[in-house]
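Colleague: Pasting a structure below so you can have a look.
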Amino acid sequence: MNKTWNNRAWFMVLPVLLLVAFSAVIPLMTVVNYSVQDTFGNNQFFWAGAEWFEEMLTSDRFWLAMGRNLIFSFIILVIEIPLGIFIALNMPRKGWGVPVCLVLMALPLLIPWNVVGTIWQVFGRVDIGLLGYVANALGFDYNYVNDPFDAWVTVIVMDVWHWTSLVVLLCYAGLVSIPDAYYQAAKIDGASRWAVFRYIQLPKMNRVLLIAVLLRFMDSFMIYTEPFVVTGGGPGNSTTFLSIDLVKMAIGQFDLGPAAAMSIIYFLIILLMSWIFYTVMTNYDAEK
């Protein structure tokens, strides 16, 4: 039996394809064009080939920023994933406390990123900020403007405050999907709290945990607005991540060629990480 294909549906998709091409493909091709050329102004460009890519891959500046990004993402995952699981496990499953907890968890996610940075910039100041005042009153020599360690602590605590709620909500969604019969069977068998978590709750959260790890790694690896507002990449270059360094190179120094090459390398790294996470998640589903 021959099937009749109706291709008129493509006309409904065509506006979306044109929008994607305009908003993504064309800018990407522009960046690729800049990455292989050099300019001396007056809109005059000269072929440079792979020169800017070689310069970026052999630059200590690039690898130091990459190292900061990886360290930051690792610290964020180590803190936020266990903390998110712990909070989700202790949230109520029934009653009036459920909507209250869900609203409280969702509130930090509703705040724009630049506002979060502004809040913590003021919050951490030693002259008018509550965090800076309390820390110094307790005997800590806290000043995120001058001390790199304090700047890192401030940025990490800010990110934990802002994004742990996402992990909590994802884990909570996995927990509420577990049928009560599982807990009843565990209670009859006399299973401990750890055994219930290890053999019932954690396996049911594996899928959402993979999604949480993927989202938090990608967001933390691409972080820009919050640390830029709080520290501007300082003191020195201590909190200058790849995204901040890229903006400084493209806008501050107006080095369009190196900045374009750096952005493509940055994009390929994120694409590679996404593919790795996608492969892990796909293999996990296949094993089940």
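Labeling convention for the structure tokens: chains A, B, ... as they appear, residues from 1 per chain, ligands from 1 in order of appearance.
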Taking only C-alpha atoms into account, produce a table as JSON lines in which each residue of segment 91-199 of chain A with an atom at most 6 Å from an atom of segment 230-252 of chain A appears once, together with its shortest atom pair and the distance in Å to one decimal, ordered by chain and rising number.
Modeller:
```
{"residue": "A:Gly117", "atom": "CA", "partner": "A:Val230", "partner_atom": "CA", "distance": 5.4}
{"residue": "A:Gln121", "atom": "CA", "partner": "A:Val230", "partner_atom": "CA", "distance": 4.7}
{"residue": "A:Val145", "atom": "CA", "partner": "A:Pro235", "partner_atom": "CA", "distance": 6.0}
{"residue": "A:Asn146", "atom": "CA", "partner": "A:Pro235", "partner_atom": "CA", "distance": 5.7}
{"residue": "A:Pro148", "atom": "CA", "partner": "A:Ser238", "partner_atom": "CA", "distance": 5.8}
```
Colleague: Convert the current residue selection to file output with N, CA and C atoms, as a short mmCIF file (atom, residue, chain, number, x, y, z; two decimals), in the first residue's frame.
Modeller:
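So the final result, stored in again-v3.cif, reads:
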```
data_model
loop_
_atom_site.label_atom_id
_atom_site.label_comp_id
_atom_site.auth_asym_id
_atom_site.auth_seq_id
_atom_site.Cartn_x
_atom_site.Cartn_y
_atom_site.Cartn_z
N GLY A 117 23.20 39.23 41.08
CA GLY A 117 24.54 39.78 41.25
C GLY A 117 24.54 41.08 42.03
N GLN A 121 26.29 41.74 45.56
CA GLN A 121 27.32 42.78 45.57
C GLN A 121 27.12 43.71 46.76
N VAL A 145 36.34 42.31 47.61
CA VAL A 145 36.90 43.21 46.61
C VAL A 145 38.41 43.08 46.53
N ASN A 146 39.07 42.78 47.65
CA ASN A 146 40.53 42.74 47.69
C ASN A 146 41.09 41.33 47.84
N PRO A 148 41.11 37.35 46.88
CA PRO A 148 40.62 36.37 45.91
C PRO A 148 39.82 35.24 46.54
#
```
Colleague: Considering only C-alpha atoms, give me a table of residues in segment 80-198 of chain A that are at most 10 Å from segment 66-74 of chain A, with the closest atom pair and distance in Å for each, as a Markdown table.
Modeller:
```
| residue | atom | partner | partner_atom | distance |
| --- | --- | --- | --- | --- |
| A:Trp152 | CA | A:Phe72 | CA | 8.6 |
| A:Val155 | CA | A:Phe72 | CA | 9.2 |
| A:Ile156 | CA | A:Phe72 | CA | 7.6 |
```
Colleague: Go through A:Val78, A:Val213, A:Ala260, A:Leu17 and flag the residue nearest Leu170 of chain A, using only C-alpha atoms for the distances.
Modeller: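 Once distances to Leu170 of chain A are computed over only C-alpha atoms, the minimum belongs to A:Val213.
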Colleague: Could you give me, as a PyMOL selection string, the residues within 8 Å of segment 95-108 of chain A, counting only C-alpha atoms and dropping anything in the same chain fewer than 3 positions from it?
Modeller: chain A and resi 91-92+111+161-163+165-166+168-169
Colleague: Could you turn the residues from that selection into a file that holds N, CA and C atoms, as a short mmCIF file (atom, residue, chain, number, x, y, z; two decimals), in the first residue's frame?
Modeller:
```cif
data_model
loop_
_atom_site.label_atom_id
_atom_site.label_comp_id
_atom_site.auth_asym_id
_atom_site.auth_seq_id
_atom_site.Cartn_x
_atom_site.Cartn_y
_atom_site.Cartn_z
N MET A 91 11.47 17.56 52.45
CA MET A 91 10.28 18.35 52.14
C MET A 91 9.03 17.49 52.34
N PRO A 92 7.92 18.10 52.78
CA PRO A 92 6.70 17.32 52.99
C PRO A 92 6.12 16.81 51.68
N ILE A 111 14.34 35.27 40.17
CA ILE A 111 15.08 36.53 40.21
C ILE A 111 16.03 36.60 39.02
N TRP A 161 22.98 29.65 46.54
CA TRP A 161 21.70 30.24 46.94
C TRP A 161 20.74 30.36 45.76
N HIS A 162 21.29 30.68 44.59
CA HIS A 162 20.44 30.93 43.43
C HIS A 162 19.94 29.65 42.77
N TRP A 163 20.78 28.62 42.68
CA TRP A 163 20.47 27.49 41.81
C TRP A 163 20.24 26.16 42.52
N SER A 165 17.87 25.45 44.33
CA SER A 165 16.42 25.21 44.23
C SER A 165 16.08 24.39 42.99
N LEU A 166 16.82 24.59 41.91
CA LEU A 166 16.55 23.81 40.70
C LEU A 166 16.77 22.33 40.95
N VAL A 168 16.65 20.88 43.86
CA VAL A 168 15.63 20.46 44.82
C VAL A 168 14.32 20.12 44.10
N LEU A 169 13.89 20.97 43.20
CA LEU A 169 12.62 20.76 42.51
C LEU A 169 12.68 19.52 41.61
#
```
Colleague: With distances taken over only C-alpha atoms, which of A:Tyr183, A:Ile79, A:Val280, A:Ala65 is nearest to Tyr266 of chain A?
Modeller: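 Of A:Tyr183, A:Ile79, A:Val280, A:Ala65, the one nearest Tyr266 of chain A is A:Ala65, counting only C-alpha atoms.
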Colleague: Rounded to one decimal place, report the atom CA of Asp141 of chain A-atom CA of Val126 of chain A distance in Å.
Modeller: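 Calculated distance between atom CA of Asp141 of chain A and atom CA of Val126 of chain A is 9.7 Å.
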Colleague: Would you mind reading off the distance between atom CA of Ile188 of chain A and atom CA of Leu209 of chain A, one decimal, in Å?
Modeller: 28.1 Å
Colleague: Have a look at atom CA of Pro82 of chain A and atom CA of Ser177 of chain A and let me know their distance in Å, one decimal.
Modeller: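 Result for atom CA of Pro82 of chain A versus atom CA of Ser177 of chain A: 19.6 Å, one decimal.
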Colleague: With only C-alpha atoms as the counted atoms, please give the residues lying no more than 8 Å from Gly174 of chain A, apart from itself and same-chain residues fewer than 2 positions off, as number ranges by chain.
Modeller: A: 170-172, 176-178, 204-205, 208
Colleague: From a DSSP pass on the backbone, collect the residues of segment 74-252 of chain A flagged as alpha helix (DSSP H) and hand them back as a PyMOL selection string.
Modeller: chain A and resi 74-89+97-110+113-123+130-137+148-176+180-188+193-196+202-221+225-230+242-247
Colleague: Restrict the selected residues to C-alpha atoms and save them as a CSV table (one decimal), in the first residue's frame.
Modeller:
```csv
chain,number,residue,atom,x,y,z
A,74,PHE,CA,33.2,21.0,40.2
A,75,ILE,CA,32.7,22.9,43.4
A,76,ILE,CA,29.2,23.8,42.5
A,77,LEU,CA,28.2,20.2,41.6
A,78,VAL,CA,29.8,18.9,44.8
A,79,ILE,CA,27.8,21.3,46.9
A,80,GLU,CA,24.5,21.7,45.1
A,81,ILE,CA,23.7,18.1,44.1
A,82,PRO,CA,24.0,16.6,47.7
A,83,LEU,CA,22.4,19.7,49.2
A,84,GLY,CA,19.5,19.6,46.8
A,85,ILE,CA,18.9,15.9,47.5
A,86,PHE,CA,19.0,16.5,51.2
A,87,ILE,CA,16.4,19.3,51.0
A,88,ALA,CA,14.1,17.3,48.7
A,89,LEU,CA,14.2,14.3,51.0
A,97,GLY,CA,3.4,22.5,53.6
A,98,VAL,CA,3.9,21.3,50.0
A,99,PRO,CA,2.8,24.5,48.2
A,100,VAL,CA,4.6,26.6,50.7
A,101,CYS,CA,7.9,24.7,50.2
A,102,LEU,CA,7.6,24.7,46.5
A,103,VAL,CA,7.0,28.4,46.3
A,104,LEU,CA,9.9,29.1,48.6
A,105,MET,CA,12.1,26.9,46.5
A,106,ALA,CA,11.0,28.5,43.3
A,107,LEU,CA,11.6,32.1,44.5
A,108,PRO,CA,15.4,32.3,43.9
A,109,LEU,CA,14.9,31.0,40.3
A,110,LEU,CA,12.5,33.8,39.5
A,113,TRP,CA,20.7,37.0,37.0
A,114,ASN,CA,21.8,40.6,37.1
A,115,VAL,CA,19.6,41.3,40.1
A,116,VAL,CA,21.1,38.4,41.9
A,117,GLY,CA,24.5,39.8,41.3
A,118,THR,CA,23.5,43.2,42.5
A,119,ILE,CA,21.9,41.8,45.6
A,120,TRP,CA,25.1,39.9,46.6
A,121,GLN,CA,27.3,42.8,45.6
A,122,VAL,CA,25.6,45.0,48.2
A,123,PHE,CA,25.1,42.1,50.6
A,130,LEU,CA,25.0,42.6,56.1
A,131,LEU,CA,27.3,39.6,55.1
A,132,GLY,CA,30.4,41.8,55.2
A,133,TYR,CA,29.5,43.4,58.5
A,134,VAL,CA,28.6,40.1,60.2
A,135,ALA,CA,31.7,38.3,58.9
A,136,ASN,CA,34.1,41.1,60.1
A,137,ALA,CA,32.2,41.3,63.4
A,148,PRO,CA,40.6,36.4,45.9
A,149,PHE,CA,39.5,33.7,48.4
A,150,ASP,CA,36.7,35.8,49.7
A,151,ALA,CA,35.7,36.6,46.1
A,152,TRP,CA,35.5,32.9,45.3
A,153,VAL,CA,33.5,32.2,48.5
A,154,THR,CA,31.1,35.0,47.7
A,155,VAL,CA,30.5,33.8,44.1
A,156,ILE,CA,30.1,30.2,45.1
A,157,VAL,CA,27.7,31.0,48.0
A,158,MET,CA,25.7,33.2,45.6
A,159,ASP,CA,25.4,30.5,43.0
A,160,VAL,CA,24.4,27.9,45.7
A,161,TRP,CA,21.7,30.2,46.9
A,162,HIS,CA,20.4,30.9,43.4
A,163,TRP,CA,20.5,27.5,41.8
A,164,THR,CA,20.2,24.8,44.5
A,165,SER,CA,16.4,25.2,44.2
A,166,LEU,CA,16.5,23.8,40.7
A,167,VAL,CA,18.1,20.6,42.0
A,168,VAL,CA,15.6,20.5,44.8
A,169,LEU,CA,12.6,20.8,42.5
A,170,LEU,CA,13.9,18.1,40.1
A,171,CYS,CA,14.7,15.7,42.9
A,172,TYR,CA,11.4,16.4,44.6
A,173,ALA,CA,9.6,15.6,41.3
A,174,GLY,CA,11.4,12.2,41.2
A,175,LEU,CA,10.5,11.5,44.8
A,176,VAL,CA,6.8,12.2,44.6
A,180,ASP,CA,3.5,4.4,48.3
A,181,ALA,CA,3.5,0.6,47.9
A,182,TYR,CA,7.3,0.8,47.8
A,183,TYR,CA,7.5,2.4,51.2
A,184,GLN,CA,4.9,0.1,52.6
A,185,ALA,CA,7.0,-2.9,51.4
A,186,ALA,CA,10.1,-1.5,52.9
A,187,LYS,CA,8.4,-0.8,56.2
A,188,ILE,CA,7.2,-4.4,56.4
A,193,ARG,CA,16.2,5.0,56.3
A,194,TRP,CA,19.5,4.5,54.5
A,195,ALA,CA,18.2,1.3,52.8
A,196,VAL,CA,15.1,3.1,51.6
A,202,LEU,CA,18.0,7.0,44.7
A,203,PRO,CA,17.2,4.7,41.8
A,204,LYS,CA,14.0,6.6,41.1
A,205,MET,CA,15.9,9.9,41.2
A,206,ASN,CA,18.7,8.7,38.8
A,207,ARG,CA,17.1,10.2,35.7
A,208,VAL,CA,16.3,13.6,37.2
A,209,LEU,CA,19.7,13.7,38.9
A,210,LEU,CA,21.4,13.2,35.5
A,211,ILE,CA,19.3,16.1,34.2
A,212,ALA,CA,20.2,18.2,37.2
A,213,VAL,CA,23.9,17.5,36.8
A,214,LEU,CA,23.7,18.3,33.1
A,215,LEU,CA,21.9,21.6,33.7
A,216,ARG,CA,24.0,22.7,36.6
A,217,PHE,CA,27.2,21.9,34.9
A,218,MET,CA,26.2,23.8,31.7
A,219,ASP,CA,24.9,26.8,33.6
A,220,SER,CA,28.0,27.0,35.9
A,221,PHE,CA,30.4,26.5,33.0
A,225,THR,CA,26.3,37.8,34.7
A,226,GLU,CA,26.4,37.1,38.4
A,227,PRO,CA,30.2,37.0,39.0
A,228,PHE,CA,30.7,39.9,36.5
A,229,VAL,CA,28.3,42.1,38.5
A,230,VAL,CA,29.7,41.1,41.9
A,242,LEU,CA,36.0,32.1,30.1
A,243,SER,CA,32.8,34.0,29.5
A,244,ILE,CA,34.1,37.1,31.3
A,245,ASP,CA,37.5,36.9,29.6
A,246,LEU,CA,35.7,36.5,26.2
A,247,VAL,CA,33.7,39.7,26.8
```
Colleague: From a DSSP pass on the backbone, collect the residues of segment 29-246 of chain A flagged as strand (DSSP E) and hand them back as JSON, numbers by chain.
Modeller: {"A": [37, 38, 39, 45, 46, 47]}
Colleague: Which of these residues is nearest to Asn33 of chain A, using only C-alpha atoms: A:Val16, A:Leu256, A:Met281, A:Met273?
Modeller: A:Leu256
